[in-house]
Amino acid sequence: MDDINVVIAGAAGEGVQTIGDLMTNAVAGQGYSVFSWKEYESRIVGGSNSYSIRIGDGLKNAPLAEADILLALNNKATDKYKGIVKKTGIIISVRKEGDRSIPIPFSSIAKKRFGEEIYANTIAIGALVSALGMDAGSIKEIIRKTFSKKGSDIVSANESAFEEGFSLAGKECVDMCPWKLLRKESGYYVISGNEAIALGAARGNCRFMTAYPMTPSTGIITYLSSVQNQLGIFIEQAEDEISAVNMAIGASYAGIRSMTATSGGGFALMVEGISLAGMTETPLVIVLAQRPGPATGLPTRTAQGDLLFAVHAGHGEFPKMIFAPADPKDAFHKMVRAFNLAEEYQTVAIVISDQFLADSRFSVEDFEVEKTEPYFQKTDTSGVKNYRRYRLTDSGISPRLYPGISEHLVCADSDEHDEYGHITEDLVKTAPDMVKKRIAKLEGLKKSILLPEEIALKDAEVVFTGWGSTRGAILEALGLLKMDGIKAGLIHFTELWPLPEYNFPKDKTYWSIEGNILGQLARLLKGEYDIHFKGHISRHDGLPITADYIRREFYEKNR
Amino acid sequence: MDDINVVIAGAAGEGVQTIGDLMTNAVAGQGYSVFSWKEYESRIVGGSNSYSIRIGDGLKNAPLAEADILLALNNKATDKYKGIVKKTGIIISVRKEGDRSIPIPFSSIAKKRFGEEIYANTIAIGALVSALGMDAGSIKEIIRKTFSKKGSDIVSANESAFEEGFSLAGKECVDMCPWKLLRKESGYYVISGNEAIALGAARGNCRFMTAYPMTPSTGIITYLSSVQNQLGIFIEQAEDEISAVNMAIGASYAGIRSMTATSGGGFALMVEGISLAGMTETPLVIVLAQRPGPATGLPTRTAQGDLLFAVHAGHGEFPKMIFAPADPKDAFHKMVRAFNLAEEYQTVAIVISDQFLADSRFSVEDFEVEKTEPYFQKTDTSGVKNYRRYRLTDSGISPRLYPGISEHLVCADSDEHDEYGHITEDLVKTAPDMVKKRIAKLEGLKKSILLPEEIALKDAEVVFTGWGSTRGAILEALGLLKMDGIKAGLIHFTELWPLPEYNFPKDKTYWSIEGNILGQLARLLKGEYDIHFKGHISRHDGLPITADYIRREFYEKNR
Amino acid sequence: MKKTDEFDNRVEIQWCPGCPNYGILNALKGALAELGKSPHEICLVSGIGQAAKLPHYLKCNFFNGLHGRAIPVATGINIANPDLTTIVVTGDGDCYGEGGNHFIHAIRRNPDLTVFVHNNEIYALTKGQASPTTPLGEKRRLKMSGVEIPPINMPAFAIMQDCSFVARGFAGDLKHLQDIMVRSIRHRGMSYVDIIQPCITWGTHPVSWYKERVRRIGDDHNPEDKNSALDIALTKDGFIHTGVLYEVPSGNIFASRFRKEVTSRPLTGLEIQSPEKIHELLLKFKPV
Amino acid sequence: MKKTDEFDNRVEIQWCPGCPNYGILNALKGALAELGKSPHEICLVSGIGQAAKLPHYLKCNFFNGLHGRAIPVATGINIANPDLTTIVVTGDGDCYGEGGNHFIHAIRRNPDLTVFVHNNEIYALTKGQASPTTPLGEKRRLKMSGVEIPPINMPAFAIMQDCSFVARGFAGDLKHLQDIMVRSIRHRGMSYVDIIQPCITWGTHPVSWYKERVRRIGDDHNPEDKNSALDIALTKDGFIHTGVLYEVPSGNIFASRFRKEVTSRPLTGLEIQSPEKIHELLLKFKPV
Ligand SMILES: Cc1ncc(C[n+]2csc(CCOP(=O)(O)OP(=O)(O)O)c2C)c(N)n1
Ligand SMILES: Cc1ncc(C[n+]2csc(CCOP(=O)(O)OP(=O)(O)O)c2C)c(N)n1
Ligand code: SF4
Ligand code: SF4
Ligand SMILES: [Mg+2]
Ligand SMILES: [Mg+2]
């Protein structure tokens, strides 16, 4: 019972999401780790969506290409997805589909037995619960709770629908379904990247979030808005992304930690603001949730296509930081780090996620909430007579005060300025000194940025480089390759700008693995270190990288 | 009489610009080559500005740090600029300033003799003409023409003022002024980078320019607007840069060559539009006139700080081109190339200039207008039944038609699309194929981009890399270093993305010379080629790089 | 007269079944047929949103660009080729939110475009946030306790700024809508129709709720009377007043001076710039 | 009462000698003194332009940001610390051109800010292009044959959208301007003053030309009367009507629900978020 992958497929609006969410919670509630990811089109109803739930004994936070159980809600979905079902797997679908299938015409049964198609979902859930060998009682409890607000008639109709599905599948299952998900004592958090980012921001003492809706980043502000009063975080929907980034900068200047989040197109609109934060030395945290571009691209899919753009975003020269968390737990802590370092270095921190991390639900054993702490710069101004917001210092970090909190005036300027924040045209000293002061912060930053994670490096002949949310899949690929007898290791970056001092081992063959076509991290590494790549494993079809995909591409390109 | 540098200094609004322009034209009218550059503050009146005119027998298109003649219109200007005057030079100023100076209290004489301070400028011109040993007659003719519209009284008062200055200086000049600018037969065009860019665009058959004013790019649209009827180019001031870039894209989609121009902050706002042009495969030409950043920075000064930003501008992955002309003649032809290649590859061409190139006036012997020709893609659709705007091809280039010109429908989409331009969600084939199609254009582009210019490479031990408008100064620095016995060469880029196939000679010591602090071209080259830099000569104080500066920094950093 | 089905294509429509956008699409096809247009004479321009998908579902030239930026793209198209019937199809978020600045300046610029705003008082494609037209107090994602800022009244603004054709349509009254569309497309200069289009998935009210509140403007209203038009646009009686609010002959149309002084032909048809002209202008840079 | 010179600093002013901006600067110092404010209680926010340089010339906290983006920055400041007297100093290009979208949405959002627009009907800092308020036919750089598109009427828009304080001032009538400023800063919610500020370097007319055309609004105007306010704002009699056009108690002020339900203190003063709260919320992600 170590690793089961269930795929639920159907049209948007047909219940894929509802069934998937309920099953994810139900399975997790039994003490299993789950990993769920969605694949959907940019429309509200119709099309074809899928929801994969990977169930494990231990953590298994990566997508799988193959399914043990396919639950297809309509025939189109059956056609589209039947190919991913393992030989040992089964299909639960409207029609009979080969030997290993359980045909249940959900809608017509629902209509016939309960008068309304709406019960089809609950029938499907019953079938799935049966196929997985789960205890019906506790799931029925969840169903009761879910529908309790709708009155006892609806509750009991759903109970019956559940039982109907359960028993229909039960009969067919007999020889086909080896699975038995008995209740266990362990328990995991099940959380999406967006939710973890939101909570990490809260933990980092963020007090203001503003954004303009943009898939796949919207989940962050949506979640925060639902708990804003509890947390004391003010939430504002902006009229556009330009306003969002400037509001965040204003609030930060005035003394509260602030953030915004967006995707590629909205990020493009924020670029002038990024340069403003760099010049005025205002801390700013931006989450960039990637989706495939250019332009509108594939709005509901995933990609890692904006790294080089983010690293170089903004006119002129100034330091910034780039984080790219690997999973929700990492994202939680990275947010705290982003706020801390943005404040310490008084500049912009960009946290890059992607649709896959943003929307998928991962299992987390323990968040170690206390591990990373928000810390605050303290500026002692007792005795300061002549406060200078941009005082020249060796570290490039000047004493930062907030306006209105003391008698000291806090003057921020987007023009080149003197130590007081007033416009300067002194090209002999002040202007070049200020350029140097800002750039000097890079030195400190390079030391604050964490080194990449090294996995199985010692014995490795082949070493992959990766970044961000692909970590889980690459780790799994290392396992697959090991079984093939290939010694492979990984150097994985979750903090990638400014690149830290780091020595790539010399005797290895390097391959990059990235969700883009140009090999963007590889390019960045080549510009900074002495490293050559033998090949690039690239995915650019909008889907997340899987272990399977990596192995296949590796063999393909290595021939 | 080979190389004279005249510097005119004073407050904004005091006449520096007027005197400088008139003298530039007057000297050029005598058959000399001139090179003029301005240095001014971001204000309309006051401050301290300078206007340098370098006069030569042959082309001398680079700024000099030292002056042969300083004309200082007020005492503050004398104080600020007297340090740059050569030992063999002279100062013409309000007060006596050392031995080699000609004191002429311009304003008070003007007031006393002509009743109005306004004649001070003409007095100063007279003095300068005298010091330069020019023929008074032809300059008086220019003065007559200049004031002819204001009536004969004004004309004759100005003539007298001119004579007054001429004779006052003449008396003092005797032993100090060796210069003799006799009329010659040759003749040069004298033109700024902005004007040359504008005319190059016209030559490239641009029919629509739209921009939002932003120093130092505004000169382009200002000039074009003054000749729009003659050229048949429609000019529109946009409400913001986002509108500008989208209007240009719309017009280009509909079938006319279109452009916009801006500086760093405005460019930042256009970045989403750049990605749109990349996705919809719409030709687009953007001029990016750099000034020092970040944010507002030093709005009237020069820099080369936006290269990496421009190269990576736009979310998602798509091909684009970057040009960086060295001087006005080069800019003229680069504009034609930008329009041609943007059309051929159906994507964005960014032409990077800077305040120094944009505003300075250079001499040009012959523009060779015919050397680069606008050429147009012809799409033969006779027999085409089933027109597909985004037909998959090996080169990545699809047949482009204009809407409304034929029965064929031209459908452009910012979402990922199929060959017809309709939204696709087919991740198995259509979407990844389209990504590959767009990226495939890079192959052709790499071959279309010109190789860097190689100067004195063969014998060189030290090789500089440079790009854009610093070419003149670096060439001059090679000469200075040669006199010091140093064998130096140059690899200069004026077309820099995508970087072409190129082999850097192995046995050289490389130094980069750039108007930025991070060595941006050097980083780009490191990421692309096998090259190491021994050092970086960087200027980041808002002033243009001069030969002098290069030599000094080279010795400083090479110790 | 042309037939409506000339504008049909075989692209699968991604709107929810029953969405009033279908009706608007049909009204537009009807209007274009009524006007005798052929697909290749038309260019639809849109941004991003549910409304902005419409161009895919009608046989025509189209440019489906960035969120909020349809109007500048359309303006550029209009410059290049004024012979095209260029129509902007946009949403309340697209046009009044992200694209607000372009809209207010387009009214001043007065290009010969038609702008249809599918106003569903919501950001539908991104699943239900408030838009600039969401009424006070309505519950929207991110504002589950009710929207706190009042909606924008763009028709009133447009009338005030002398936009020469301002109308309001309703996706539940398609005959009327089609009439308005025909008039607006015929109008020279910028014409603007705000179309009430209930979102049946994320919106607060069903189409029937709107039906009860829609009132056609009576014949006693003279669309040339600016004050009366403004009055209707500003009326807050709980009803939605549909019809042509304001229609006067357009003053200066965008680029008209250039068309008069330089060329009245589409710029797409101009000869290639002659090198002689360049030489001629360059000569002015040769001081004598 | 405070003294005006408390707001003096020793920064060299970069405006042209005689520019009416000097007068506005003095009126602002006067108004702040009259209100008894100290420099550290004030935060001026500006974009880029001649007007936008003002914060440098007045002793105070300031944020001199990007062209067109002063209002969002000020809104952010207001969120963090509503105790600061936050004033936006902007130009007609800054506020109605590049920043147009923020302005129209700020009116809806109604933050407790004061917005002073130095309206010189021109882009002065970039040397004389037309701005959104340049009158038709005036000659401007890039439009040397005269501007072809009509100006925008933002005061009228603001009144229409129920901005609760809308006034027009004149840099040639400083006493009156100072009074208006005092009232506008006192006003709770967004207050907006469009200030006629002739540009004597690039503009078409000298200050005297404007003096002849400025008329103070008479006492018979009731600033609570929206229709009458709108009438004055829309009047095109060749005169410029100065004074408070519209002033009513502000309805919902930005963030007021949050201030009521969560905290009325400035957010800058909140305790650090407790890890317990995070644990509490995380628990909801643990299915049982
Ligand atoms: C720059 C940018 N920001 C945000 C988005 C995300 N987005 C797409 S559509 C939309 C709102 C659409 O609302 P509306 O125009 O009213 O259209 P509707 O879906 O309601 O028809 C948003 C915010 C985007 N595509 N681009
Ligand atoms: C993004 C961006 N675009 C353009 C500019 C250039 N710019 C600076 S000020 C200005 C116009 C200012 O006009 P206005 O706000 O009316 O101020 P004024 O100088 O007239 O007081 C422009 C276009 C800029 N700084 N940033
Ligand atoms: S979400 Fe609303 S607007 Fe969009 S298609 Fe569905 S009903 Fe129509
Ligand atoms: S250019 Fe005009 S607005 Fe600017 S300082 Fe001079 S007079 Fe004032
Ligand atoms: Mg909408
Ligand atoms: Mg102005």
# chains A, B, ... in the order shown; residues from 1 in each chain; ligands from 1
>>> residues_around(residues="D:Gly128", least_positions_apart="3", cutoff="10 Å", atoms="only C-alpha atoms", output="ChimeraX atom specification")
/B:213 /D:121-125,131,139-142,199,201-204
>>> write_last_selection(atoms="C-alpha atoms", output="tab-separated table (two decimals), in the first residue's frame")
chain	number	residue	atom	x	y	z
B	213	PRO	CA	7.82	61.68	-24.06
D	121	GLU	CA	-1.75	72.25	-19.43
D	122	ILE	CA	1.59	70.97	-20.61
D	123	TYR	CA	4.41	68.52	-20.06
D	124	ALA	CA	6.88	71.09	-18.80
D	125	LEU	CA	9.80	69.00	-17.63
D	131	SER	CA	-0.84	67.16	-21.77
D	139	LYS	CA	0.42	74.61	-30.23
D	140	ARG	CA	2.63	72.14	-28.46
D	141	ARG	CA	5.79	70.27	-29.31
D	142	LEU	CA	4.86	67.31	-31.54
D	199	CYS	CA	4.09	77.51	-17.32
D	201	THR	CA	8.60	78.96	-20.18
D	202	TRP	CA	6.81	76.57	-22.51
D	203	GLY	CA	3.18	77.55	-22.08
D	204	THR	CA	1.22	79.61	-24.56
>>> interface_residues(of="chain B", to="chain A", cutoff="6 Å", atoms="only C-alpha atoms", output="compact mmCIF listing (two decimals) with C-alpha atoms, in the first residue's frame")
# COMPACT_ATOMS: atom_id res chain seq x y z
CA GLY B 264 14.47 52.74 -19.19
CA GLY B 265 11.35 53.42 -17.12
CA ALA B 268 9.94 48.69 -18.37
CA LEU B 269 6.28 49.47 -18.98
CA VAL B 271 7.89 44.73 -21.48
CA GLU B 272 4.54 42.99 -21.49
CA SER B 275 6.19 39.52 -24.98
CA LEU B 276 2.96 40.08 -26.90
CA MET B 279 3.81 35.55 -29.10
CA GLY B 293 18.99 54.23 -13.51
CA PRO B 294 17.56 52.67 -11.51
CA ALA B 295 14.15 54.35 -11.57
CA THR B 296 14.33 58.03 -12.53
CA GLY B 297 18.09 58.07 -11.99
CA LEU B 298 19.89 60.86 -13.79
CA GLY B 305 22.97 50.13 -17.92
CA ASP B 306 20.03 48.42 -19.59
CA PHE B 309 17.39 43.99 -19.00
CA HIS B 312 15.84 39.30 -21.20
CA ALA B 313 12.82 41.60 -21.35
CA HIS B 315 7.98 36.83 -19.80
CA GLY B 316 8.16 33.47 -21.50
CA GLU B 317 10.61 32.47 -24.20
CA SER B 414 -1.68 36.13 -27.29
CA ASP B 415 -2.71 32.74 -25.92
CA GLU B 416 -0.92 29.67 -27.13
CA LEU B 427 -0.43 19.99 -24.87
CA PRO B 432 5.00 22.38 -27.69
CA ARG B 523 28.45 38.77 -18.52
CA LYS B 526 30.76 34.76 -20.61
CA GLY B 527 27.45 32.96 -20.69
CA ASP B 541 28.79 58.58 -13.18
>>> closest_residue(among="C:Gly218, C:Pro135, C:Gly47, C:Gly30", to="ligand 1", atoms="only C-alpha atoms and all ligand atoms")
C:Gly47
>>> residues_around(residues="stretch 170-184 of chain D", least_positions_apart="5", cutoff="7 Å", atoms="only C-alpha atoms", output="number ranges by chain")
D: 20, 23-24, 27-28, 30-31, 35, 114, 165, 191, 195-197, 211, 242-244
>>> closest_atom_pairs(of="chain C", to="ligand 1", cutoff="6 Å", atoms="only C-alpha atoms and all ligand atoms", output="CSV")
residue,atom,partner,partner_atom_place_in_ligand_line,distance
C:Ile48,CA,ligand 1,9 (S),4.6
C:Gly49,CA,ligand 1,9 (S),3.6
C:Gln50,CA,ligand 1,21 (O),3.6
C:Ala51,CA,ligand 1,21 (O),4.1
C:His67,CA,ligand 1,26 (N),4.6
C:Gly91,CA,ligand 1,15 (O),3.5
C:Asp92,CA,ligand 1,16 (O),4.0
C:Gly93,CA,ligand 1,15 (O),3.5
C:Asp94,CA,ligand 1,15 (O),3.5
C:Asn120,CA,ligand 1,20 (O),5.8
C:Ile122,CA,ligand 1,20 (O),5.1
C:Tyr123,CA,ligand 1,13 (O),3.7
C:Ala124,CA,ligand 1,19 (O),3.7
C:Leu125,CA,ligand 1,19 (O),3.8
C:Thr126,CA,ligand 1,10 (C),5.5
>>> write_last_selection(atoms="N, CA, C and O atoms", output="PDB file, in the first residue's frame")
ATOM      1  N   ILE C  48      -8.090  40.176 -22.569  1.00  0.00           N
ATOM      2  CA  ILE C  48      -8.242  38.852 -21.962  1.00  0.00           C
ATOM      3  C   ILE C  48      -9.401  38.886 -20.973  1.00  0.00           C
ATOM      4  O   ILE C  48      -9.569  39.852 -20.233  1.00  0.00           O
ATOM      5  N   GLY C  49     -10.165  37.817 -20.971  1.00  0.00           N
ATOM      6  CA  GLY C  49     -11.349  37.702 -20.133  1.00  0.00           C
ATOM      7  C   GLY C  49     -12.323  36.807 -20.889  1.00  0.00           C
ATOM      8  O   GLY C  49     -12.018  36.352 -21.993  1.00  0.00           O
ATOM      9  N   GLN C  50     -13.473  36.546 -20.299  1.00  0.00           N
ATOM     10  CA  GLN C  50     -14.455  35.728 -21.005  1.00  0.00           C
ATOM     11  C   GLN C  50     -14.930  36.440 -22.262  1.00  0.00           C
ATOM     12  O   GLN C  50     -14.977  35.867 -23.354  1.00  0.00           O
ATOM     13  N   ALA C  51     -15.289  37.714 -22.113  1.00  0.00           N
ATOM     14  CA  ALA C  51     -15.747  38.495 -23.256  1.00  0.00           C
ATOM     15  C   ALA C  51     -14.694  38.480 -24.352  1.00  0.00           C
ATOM     16  O   ALA C  51     -15.001  38.320 -25.543  1.00  0.00           O
ATOM     17  N   HIS C  67      -4.490  41.508 -21.665  1.00  0.00           N
ATOM     18  CA  HIS C  67      -5.521  42.010 -20.763  1.00  0.00           C
ATOM     19  C   HIS C  67      -5.422  43.536 -20.644  1.00  0.00           C
ATOM     20  O   HIS C  67      -4.371  44.076 -20.321  1.00  0.00           O
ATOM     21  N   GLY C  91     -14.226  43.365 -21.659  1.00  0.00           N
ATOM     22  CA  GLY C  91     -15.030  43.156 -20.459  1.00  0.00           C
ATOM     23  C   GLY C  91     -14.902  44.332 -19.520  1.00  0.00           C
ATOM     24  O   GLY C  91     -14.087  45.244 -19.741  1.00  0.00           O
ATOM     25  N   ASP C  92     -15.674  44.336 -18.467  1.00  0.00           N
ATOM     26  CA  ASP C  92     -15.639  45.446 -17.523  1.00  0.00           C
ATOM     27  C   ASP C  92     -14.292  45.515 -16.799  1.00  0.00           C
ATOM     28  O   ASP C  92     -13.791  46.604 -16.507  1.00  0.00           O
ATOM     29  N   GLY C  93     -13.673  44.361 -16.553  1.00  0.00           N
ATOM     30  CA  GLY C  93     -12.356  44.386 -15.936  1.00  0.00           C
ATOM     31  C   GLY C  93     -11.301  44.825 -16.933  1.00  0.00           C
ATOM     32  O   GLY C  93     -10.451  45.665 -16.661  1.00  0.00           O
ATOM     33  N   ASP C  94     -11.381  44.248 -18.109  1.00  0.00           N
ATOM     34  CA  ASP C  94     -10.442  44.524 -19.183  1.00  0.00           C
ATOM     35  C   ASP C  94     -10.431  46.014 -19.537  1.00  0.00           C
ATOM     36  O   ASP C  94      -9.374  46.627 -19.673  1.00  0.00           O
ATOM     37  N   ASN C 120     -20.304  42.318 -16.954  1.00  0.00           N
ATOM     38  CA  ASN C 120     -20.951  41.356 -16.055  1.00  0.00           C
ATOM     39  C   ASN C 120     -20.690  41.677 -14.596  1.00  0.00           C
ATOM     40  O   ASN C 120     -20.935  40.862 -13.707  1.00  0.00           O
ATOM     41  N   ILE C 122     -18.096  41.763 -12.888  1.00  0.00           N
ATOM     42  CA  ILE C 122     -17.267  40.751 -12.216  1.00  0.00           C
ATOM     43  C   ILE C 122     -16.071  40.410 -13.084  1.00  0.00           C
ATOM     44  O   ILE C 122     -16.090  40.639 -14.288  1.00  0.00           O
ATOM     45  N   TYR C 123     -15.022  39.903 -12.456  1.00  0.00           N
ATOM     46  CA  TYR C 123     -13.935  39.263 -13.187  1.00  0.00           C
ATOM     47  C   TYR C 123     -14.307  37.789 -13.290  1.00  0.00           C
ATOM     48  O   TYR C 123     -14.092  37.018 -12.365  1.00  0.00           O
ATOM     49  N   ALA C 124     -14.878  37.406 -14.424  1.00  0.00           N
ATOM     50  CA  ALA C 124     -15.384  36.039 -14.520  1.00  0.00           C
ATOM     51  C   ALA C 124     -14.272  35.032 -14.775  1.00  0.00           C
ATOM     52  O   ALA C 124     -14.189  34.006 -14.111  1.00  0.00           O
ATOM     53  N   LEU C 125     -13.405  35.335 -15.721  1.00  0.00           N
ATOM     54  CA  LEU C 125     -12.401  34.328 -16.096  1.00  0.00           C
ATOM     55  C   LEU C 125     -11.502  33.972 -14.912  1.00  0.00           C
ATOM     56  O   LEU C 125     -11.062  32.830 -14.788  1.00  0.00           O
ATOM     57  N   THR C 126     -11.223  34.930 -14.049  1.00  0.00           N
ATOM     58  CA  THR C 126     -10.375  34.631 -12.898  1.00  0.00           C
ATOM     59  C   THR C 126     -11.218  34.216 -11.688  1.00  0.00           C
ATOM     60  O   THR C 126     -10.769  34.293 -10.555  1.00  0.00           O
TER      61      THR C 126
END
>>> interface_residues(of="chain C", to="chain B", cutoff="8 Å", atoms="only C-alpha atoms", output="PyMOL selection string")
chain C and resi 11+39-43+56+60-66+69+72-81+84+101-102+105+258+261-263+267-268+272-275+277-279+282-283+285-288
>>> atom_distance(atom1="atom CA of D:Glu224", atom2="atom CA of D:Met154")
18.3 Å
